[in-house]
Amino acid sequence: MKVKRISRIKHGMVKKYKIGDKYTVRELMELAVEEMRKSIPDPNRNDDRPNPKVGAVIATQDGILISTAHRGELRIGDHAEFTAIERKNRGSKLDGFVIYATLEPCAPGARNHPKLSCSERIVNARIAKVYIGHIDPDPSVSGQGRDFLISNNIEIDYFDNDLVDIIYKENKKFFDDAEIRAHEYNPNPILPKQTILTQSLENFDIKDLSEEAQQELIDRLNLSYKIASDGFIKYLTQLGLVYKSENSDTIRPTGMGLLILGRNPQLEFEQSRIKFTVEQSVGDAKIKDIEGPLLLMPDKVENLLNLSFLPEINREKFHREEIVDISTKLLRELIINAIIHRDYTIRDKQIRVVASKEKIEIWSPGGPIISLDKFKDFNVPPISRNPKLAYIFFKTGLVEERGIGMKELKAFRDDNSLPNPTFRLENEYFIITVFRKTTKQVNITHEMVFSFIKDKNKISSGDYATRFGVSTKTASRHLNKLVDEGILDREGEKKGTKYFLKEK
């Protein structure tokens, strides 16, 4: 085997890579990123669209470096994966090897016949595992190369989050152009493999889409279209949300289109509800369901978060409990992430949010496509099993920025000295548990109450509530208990009631 040395600069030090030597997964990811930066653009393109920068690295399962490649390395226009597999390893057995690709390998149909796509070449080479740096940014095709690999029993994993950010920044012009393409009608789109989410639904048509949700999409994306206009229908077709068959003029929503924009998507996808359960210290739990089109769910979630998640305070003693609660922003992001990333092919399970005094759990159907170890390290790249849904939520501003949920979660833990959130799989659910309780009972002594009333002469339950950090209902209960014990006296009625020290 020919020895090749590759230099890499890190923290001011130059590290030499050598074909045949053994490296960690992280090092091989970093090497693929460095190869990406060497990519050579095609000067002969007939359009002005930028080429992506792509790097690829092939290694054995245990990390022995086999080869590297970047786009245009040996011939202008050649993809990095093609160069690594066909040009540098033609005739070599790559069975069971691993390839690290900074961009999702292109899907079948992406290359002009008779050229094979990179994902097909990976399958033909019998490569066992693919690490993907970034999903194809074009929302009309994103995820299709990955899904083709998965359908051929190839294991998929992803680059670390900080490297994904580098790939994004290096390819921003290409990614921006991909978003422009999303607004252009393509009469011959690459149709993904038919699933319940991508196929047209025969029992529904365009009239089953919610006008409110469609207008929300138009407003949030600042589109110039009107509902039901030809331009808007073409746009929805480009995104794969509606489909018009060749044999009919009827426009039907796809499964994903019905989920995102449907008037009542739960008729077909009962599992797309969100079930909130607020456990109480006394009495039955409060249960509330959220349903309707996914695009309108974030506002409904935010409204519901105004509910008090705190159980009633202990009625027997004068004390309050100090609880470090979860910010609405964080909880909203975690729930929206569950909406975006859950597995909608699991029909009998809904997203569940279970709140108690000590913790809040978000139950999302389907195991995560990212390893649990990355979650535990807060190193989760912004990659979704539902890239079209993720694209729409991101572009409409329904998620604030890439990966903010994990950043907020880590900051909440650190700022409040709370236990680490936990991540687990249970009965086809991915469950995130966030601990919210740093409780300590703060006793409100008689001496504290006497001193306060003596300074004020007379107080209301509102004065007491403000001073001691309890609800007005709790304040009234405390004060009336002192009246019953003969310690305080009162005058007035209802909201005008005043309390004062009883004369001896």
# chains A, B, ... in the order shown; residues from 1 in each chain; ligands from 1

call {"tool": "closest_atom_pairs", "arguments": {"of": "region 174-272 of chain A", "to": "region 387-392 of chain A", "cutoff": "9 Å", "atoms": "only C-alpha atoms", "output": "JSON lines"}}
result
{"residue": "A:Leu217", "atom": "CA", "partner": "A:Ile392", "partner_atom": "CA", "distance": 8.5}
{"residue": "A:Leu221", "atom": "CA", "partner": "A:Ile392", "partner_atom": "CA", "distance": 8.9}
{"residue": "A:Leu239", "atom": "CA", "partner": "A:Lys388", "partner_atom": "CA", "distance": 7.4}
{"residue": "A:Gly240", "atom": "CA", "partner": "A:Lys388", "partner_atom": "CA", "distance": 8.4}
{"residue": "A:Met256", "atom": "CA", "partner": "A:Leu389", "partner_atom": "CA", "distance": 7.8}
{"residue": "A:Ile260", "atom": "CA", "partner": "A:Leu389", "partner_atom": "CA", "distance": 7.7}

call {"tool": "write_last_selection", "arguments": {"atoms": "C-alpha atoms", "output": "PDB file, in the first residue's frame"}}
result
ATOM      1  CA  LEU A 217     -46.486  29.346   6.249  1.00  0.00           C
ATOM      2  CA  LEU A 221     -41.581  32.625   5.003  1.00  0.00           C
ATOM      3  CA  LEU A 239     -41.315  20.808  -0.913  1.00  0.00           C
ATOM      4  CA  GLY A 240     -43.068  17.467  -1.294  1.00  0.00           C
ATOM      5  CA  MET A 256     -45.985  15.119   5.586  1.00  0.00           C
ATOM      6  CA  ILE A 260     -47.778  20.124   8.677  1.00  0.00           C
TER       7      ILE A 260
END

call {"tool": "residues_around", "arguments": {"residues": "Asp205 (chain A)", "least_positions_apart": "5", "cutoff": "12 Å", "atoms": "only C-alpha atoms", "output": "PyMOL selection string"}}
result
chain A and resi 200+210+241-245+248-255+257-258+261-263

call {"tool": "residues_around", "arguments": {"residues": "Thr474 (chain A)", "least_positions_apart": "2", "cutoff": "9 Å", "atoms": "only C-alpha atoms", "output": "NGL selection string"}}
result
:A and (313 or 315 or 461 or 465 or 470-472 or 476-479)

call {"tool": "write_last_selection", "arguments": {"atoms": "all heavy atoms", "output": "compact mmCIF listing (two decimals), in the first residue's frame"}}
result
# COMPACT_ATOMS: atom_id res chain seq x y z
N ILE A 313 -49.07 23.61 47.65
CA ILE A 313 -48.12 23.68 48.76
C ILE A 313 -48.69 22.95 49.97
O ILE A 313 -49.91 22.83 50.12
CB ILE A 313 -47.83 25.17 49.08
CG1 ILE A 313 -46.34 25.45 49.05
CG2 ILE A 313 -48.39 25.59 50.41
CD1 ILE A 313 -45.99 26.90 49.00
N ARG A 315 -50.34 22.24 53.24
CA ARG A 315 -51.29 23.09 53.95
C ARG A 315 -51.11 23.04 55.46
O ARG A 315 -51.75 23.81 56.18
CB ARG A 315 -52.72 22.66 53.61
CG ARG A 315 -53.10 22.87 52.15
CD ARG A 315 -54.50 22.37 51.87
NE ARG A 315 -54.88 22.55 50.48
CZ ARG A 315 -55.40 23.68 49.99
NH1 ARG A 315 -55.58 24.71 50.78
NH2 ARG A 315 -55.71 23.77 48.71
N SER A 461 -53.79 40.09 52.90
CA SER A 461 -53.18 38.82 52.46
C SER A 461 -52.21 39.07 51.31
O SER A 461 -51.21 38.36 51.16
CB SER A 461 -54.27 37.83 52.04
OG SER A 461 -55.08 38.37 51.02
N ALA A 465 -48.38 37.90 51.09
CA ALA A 465 -47.92 37.09 49.95
C ALA A 465 -46.66 37.69 49.35
O ALA A 465 -45.69 36.97 49.03
CB ALA A 465 -49.02 36.98 48.90
N VAL A 470 -45.36 33.76 48.82
CA VAL A 470 -46.36 32.71 48.68
C VAL A 470 -47.54 33.27 47.89
O VAL A 470 -47.61 34.48 47.63
CB VAL A 470 -46.83 32.17 50.05
CG1 VAL A 470 -45.68 31.54 50.80
CG2 VAL A 470 -47.48 33.28 50.88
N SER A 471 -48.48 32.41 47.51
CA SER A 471 -49.67 32.88 46.81
C SER A 471 -50.60 33.60 47.79
O SER A 471 -50.52 33.40 49.02
CB SER A 471 -50.40 31.70 46.16
OG SER A 471 -50.96 30.87 47.17
N THR A 472 -51.49 34.43 47.28
CA THR A 472 -52.45 35.12 48.15
C THR A 472 -53.39 34.12 48.83
O THR A 472 -53.82 34.34 49.98
CB THR A 472 -53.29 36.13 47.35
OG1 THR A 472 -53.88 35.48 46.22
CG2 THR A 472 -52.42 37.27 46.85
N SER A 476 -53.73 33.94 52.84
CA SER A 476 -55.00 33.99 53.57
C SER A 476 -55.14 32.82 54.52
O SER A 476 -55.60 32.97 55.66
CB SER A 476 -56.18 33.99 52.58
OG SER A 476 -56.18 35.15 51.81
N ARG A 477 -54.68 31.64 54.06
CA ARG A 477 -54.78 30.45 54.91
C ARG A 477 -53.90 30.60 56.14
O ARG A 477 -54.31 30.30 57.27
CB ARG A 477 -54.38 29.22 54.10
CG ARG A 477 -54.62 27.91 54.83
CD ARG A 477 -54.37 26.71 53.94
NE ARG A 477 -52.98 26.58 53.56
CZ ARG A 477 -52.51 26.82 52.35
NH1 ARG A 477 -53.32 27.23 51.39
NH2 ARG A 477 -51.23 26.67 52.07
N HIS A 478 -52.66 31.09 55.94
CA HIS A 478 -51.75 31.28 57.08
C HIS A 478 -52.33 32.29 58.08
O HIS A 478 -52.33 32.06 59.30
CB HIS A 478 -50.39 31.78 56.57
CG HIS A 478 -49.59 30.74 55.86
ND1 HIS A 478 -48.29 30.97 55.44
CD2 HIS A 478 -49.87 29.46 55.50
CE1 HIS A 478 -47.84 29.88 54.84
NE2 HIS A 478 -48.77 28.96 54.86
N LEU A 479 -52.79 33.43 57.56
CA LEU A 479 -53.27 34.49 58.44
C LEU A 479 -54.53 34.07 59.18
O LEU A 479 -54.68 34.34 60.40
CB LEU A 479 -53.54 35.76 57.61
CG LEU A 479 -52.27 36.44 57.05
CD1 LEU A 479 -52.64 37.48 56.01
CD2 LEU A 479 -51.45 37.06 58.18

call {"tool": "residues_around", "arguments": {"residues": "Ile339 (chain A)", "least_positions_apart": "3", "cutoff": "10 Å", "atoms": "only C-alpha atoms", "output": "number ranges by chain"}}
result
A: 272-274, 294-295, 297-298, 333-336, 342-344, 350-351, 364-365, 386, 389-390, 393

call {"tool": "residues_around", "arguments": {"residues": "Thr345 (chain A)", "least_positions_apart": "2", "cutoff": "8 Å", "atoms": "only C-alpha atoms", "output": "NGL selection string"}}
result
:A and (196-197 or 343 or 347)

call {"tool": "decode", "arguments": {"residues": "region 14-34 of chain A", "atoms": "N, CA and C atoms", "output": "mmCIF file, in the first residue's frame"}}
result
data_model
loop_
_atom_site.group_PDB
_atom_site.id
_atom_site.type_symbol
_atom_site.label_atom_id
_atom_site.label_comp_id
_atom_site.auth_asym_id
_atom_site.auth_seq_id
_atom_site.Cartn_x
_atom_site.Cartn_y
_atom_site.Cartn_z
ATOM 1 N N VAL A 14 1.065 21.027 13.822
ATOM 2 C CA VAL A 14 0.805 20.294 12.597
ATOM 3 C C VAL A 14 0.848 18.808 12.911
ATOM 4 N N LYS A 15 -0.277 18.139 12.664
ATOM 5 C CA LYS A 15 -0.331 16.702 12.905
ATOM 6 C C LYS A 15 -0.233 15.975 11.582
ATOM 7 N N LYS A 16 0.604 14.980 11.510
ATOM 8 C CA LYS A 16 0.799 14.198 10.296
ATOM 9 C C LYS A 16 -0.071 12.950 10.349
ATOM 10 N N TYR A 17 -0.876 12.775 9.312
ATOM 11 C CA TYR A 17 -1.645 11.540 9.157
ATOM 12 C C TYR A 17 -0.910 10.638 8.171
ATOM 13 N N LYS A 18 -1.029 9.364 8.405
ATOM 14 C CA LYS A 18 -0.337 8.408 7.552
ATOM 15 C C LYS A 18 -1.279 7.267 7.189
ATOM 16 N N ILE A 19 -1.410 7.020 5.884
ATOM 17 C CA ILE A 19 -2.225 5.901 5.443
ATOM 18 C C ILE A 19 -1.696 4.621 6.092
ATOM 19 N N GLY A 20 -2.600 3.855 6.671
ATOM 20 C CA GLY A 20 -2.202 2.613 7.338
ATOM 21 C C GLY A 20 -2.094 2.729 8.833
ATOM 22 N N ASP A 21 -2.059 3.980 9.341
ATOM 23 C CA ASP A 21 -2.033 4.175 10.788
ATOM 24 C C ASP A 21 -3.459 4.196 11.338
ATOM 25 N N LYS A 22 -3.560 4.066 12.641
ATOM 26 C CA LYS A 22 -4.854 3.956 13.296
ATOM 27 C C LYS A 22 -5.216 5.266 13.991
ATOM 28 N N TYR A 23 -6.482 5.689 13.854
ATOM 29 C CA TYR A 23 -6.936 6.948 14.416
ATOM 30 C C TYR A 23 -8.305 6.789 15.077
ATOM 31 N N THR A 24 -8.634 7.749 15.918
ATOM 32 C CA THR A 24 -9.945 7.739 16.568
ATOM 33 C C THR A 24 -11.014 8.218 15.585
ATOM 34 N N VAL A 25 -12.256 7.968 15.941
ATOM 35 C CA VAL A 25 -13.372 8.446 15.121
ATOM 36 C C VAL A 25 -13.319 9.962 14.991
ATOM 37 N N ARG A 26 -13.031 10.641 16.081
ATOM 38 C CA ARG A 26 -12.961 12.101 16.048
ATOM 39 C C ARG A 26 -11.861 12.579 15.107
ATOM 40 N N GLU A 27 -10.711 11.954 15.150
ATOM 41 C CA GLU A 27 -9.614 12.350 14.274
ATOM 42 C C GLU A 27 -9.969 12.134 12.806
ATOM 43 N N LEU A 28 -10.664 11.055 12.504
ATOM 44 C CA LEU A 28 -11.047 10.785 11.119
ATOM 45 C C LEU A 28 -12.112 11.776 10.645
ATOM 46 N N MET A 29 -12.997 12.203 11.542
ATOM 47 C CA MET A 29 -13.947 13.261 11.200
ATOM 48 C C MET A 29 -13.191 14.559 10.872
ATOM 49 N N GLU A 30 -12.231 14.905 11.717
ATOM 50 C CA GLU A 30 -11.467 16.131 11.508
ATOM 51 C C GLU A 30 -10.692 16.073 10.196
ATOM 52 N N LEU A 31 -10.171 14.908 9.870
ATOM 53 C CA LEU A 31 -9.437 14.750 8.618
ATOM 54 C C LEU A 31 -10.366 14.953 7.422
ATOM 55 N N ALA A 32 -11.584 14.436 7.506
ATOM 56 C CA ALA A 32 -12.552 14.636 6.425
ATOM 57 C C ALA A 32 -12.874 16.119 6.248
ATOM 58 N N VAL A 33 -12.953 16.861 7.356
ATOM 59 C CA VAL A 33 -13.203 18.300 7.281
ATOM 60 C C VAL A 33 -12.041 19.015 6.599
ATOM 61 N N GLU A 34 -10.812 18.603 6.918
ATOM 62 C CA GLU A 34 -9.651 19.211 6.259
ATOM 63 C C GLU A 34 -9.632 18.889 4.773
#
